[in-house]
Amino acid sequence: MTAKASGETVDLPGFFADLVRCETRLYNALNDRLRELHGIVTSQFEALRHLRDHPGSRVADLAAEFAIGIGAASKTVDRLEKKGWAVRQPNPSDRRSSLLTLTDDGSRLVDAAEKTFTDGVADLIGGALDSSSVSAVAQALSTLRSVLERDQIGTPAG
């Protein structure tokens with residue numbers, strides 16, 4: 001199956017395969033760096049970073065941000081709590097949910113791991129693509145993500 005874009009034919013199954021395999025390899029490489037230097041994996045780093053940058057988030061907010069189910073998001077928070085990196089606090093406006101807060105240890109960890117993560121992304125992507133290519137890919141993926149999120153495509157049901 002192919003699609004025409006601006007007069008060019010694009011192999012969409014090949015595009016999809018490249019996109020997914022690149023994401024998997026980048027994710028795995030960042031996992032390795034974060035685990036080695038900070039004792040965490042990429043999913044934990046991303047959750048900690050989200051909680052740092054969005055104080056008072058709920059489990060449902062994490063689920064929406066990462067396009068995962070509520071159960072998976074809750075298990076992620078359980079693991080962060082068990083490690084002493086985050087806590088659930090009662091939500092004064094909705095007793096059915098909790099507000100999530102980083103602990104001091106969680107805050108220090110995400111701040112320390114951020115340089116490792118950012119440098120890793122720069123090394124992995126910058127080593128393969130020039131800045132104009134990175135810019136074009138970033139714009140295209142941002143547009144695609146916006147459309148998928150707007151239309152609630154790929155949102156887990158639970």
# chains A, B, ... in the order shown; residues from 1 in each chain; ligands from 1

$ closest_atom_pairs --of "range 101-150 of chain A" --to "range 37-61 of chain A" --cutoff "9 Å" --atoms "only C-alpha atoms" --output "tab-separated table"
residue	atom	partner	partner_atom	distance
A:Thr101	CA	A:Gly56	CA	6.3
A:Leu102	CA	A:Leu51	CA	6.5
A:Gly106	CA	A:Leu48	CA	7.0
A:Ser107	CA	A:Arg52	CA	6.9
A:Leu109	CA	A:His38	CA	7.4
A:Val110	CA	A:Leu48	CA	6.0
A:Asp111	CA	A:Arg49	CA	8.2
A:Ala112	CA	A:His38	CA	7.9
A:Ala113	CA	A:His38	CA	6.4
A:Glu114	CA	A:Phe45	CA	8.0
A:Thr116	CA	A:Leu37	CA	7.9
A:Phe117	CA	A:Thr42	CA	8.4

$ write_last_selection --atoms "C-alpha atoms" --output "tab-separated table (two decimals), in the first residue's frame"
chain	number	residue	atom	x	y	z
A	101	THR	CA	3.51	14.77	44.04
A	102	LEU	CA	7.20	14.07	43.69
A	106	GLY	CA	12.06	11.89	43.17
A	107	SER	CA	12.76	15.51	42.34
A	109	LEU	CA	16.42	11.88	40.64
A	110	VAL	CA	14.49	13.34	37.70
A	111	ASP	CA	16.68	16.45	37.68
A	112	ALA	CA	19.86	14.32	37.63
A	113	ALA	CA	18.50	11.93	34.99
A	114	GLU	CA	17.32	14.73	32.69
A	116	THR	CA	21.50	11.86	30.76
A	117	PHE	CA	18.21	11.63	28.86

$ closest_atom_pairs --of "range 52-129 of chain A" --to "range 26-29 of chain A" --cutoff "9 Å" --atoms "only C-alpha atoms" --output "tab-separated table"
residue	atom	partner	partner_atom	distance
A:Gly120	CA	A:Ala29	CA	8.2
A:Val121	CA	A:Leu26	CA	7.8
A:Leu124	CA	A:Leu26	CA	7.3
A:Ile125	CA	A:Leu26	CA	8.6

$ write_last_selection --atoms "N, CA and C atoms" --output "short mmCIF file (atom, residue, chain, number, x, y, z; two decimals), in the first residue's frame"
data_model
loop_
_atom_site.label_atom_id
_atom_site.label_comp_id
_atom_site.auth_asym_id
_atom_site.auth_seq_id
_atom_site.Cartn_x
_atom_site.Cartn_y
_atom_site.Cartn_z
N GLY A 120 21.49 11.81 25.74
CA GLY A 120 21.30 10.57 25.01
C GLY A 120 20.49 10.77 23.74
N VAL A 121 19.40 11.52 23.85
CA VAL A 121 18.57 11.80 22.67
C VAL A 121 19.40 12.57 21.64
N LEU A 124 21.94 10.18 19.98
CA LEU A 124 21.33 9.16 19.12
C LEU A 124 20.71 9.76 17.86
N ILE A 125 20.03 10.87 18.01
CA ILE A 125 19.36 11.47 16.85
C ILE A 125 20.30 12.39 16.10
#

$ atom_distance --atom1 "CA of Leu80 in chain A" --atom2 "CA of Asp94 in chain A"
22.2 Å

$ closest_residue --among "A:Asp123, A:Ala128, A:Glu23, A:Ser97" --to "Leu141 in chain A" --atoms "only C-alpha atoms"
A:Glu23

$ atom_distance --atom1 "CA of Ser133 in chain A" --atom2 "CA of Arg21 in chain A"
18.1 Å

$ closest_residue --among "A:Leu30, A:Ala17, A:Val137, A:Ala86" --to "Lys115 in chain A" --atoms "only C-alpha atoms"
A:Leu30

$ atom_distance --atom1 "CA of Arg145 in chain A" --atom2 "CA of Arg25 in chain A"
19.6 Å

$ closest_residue --among "A:Val20, A:Ala67, A:Ala73, A:Val134" --to "Ala122 in chain A" --atoms "only C-alpha atoms"
A:Val134
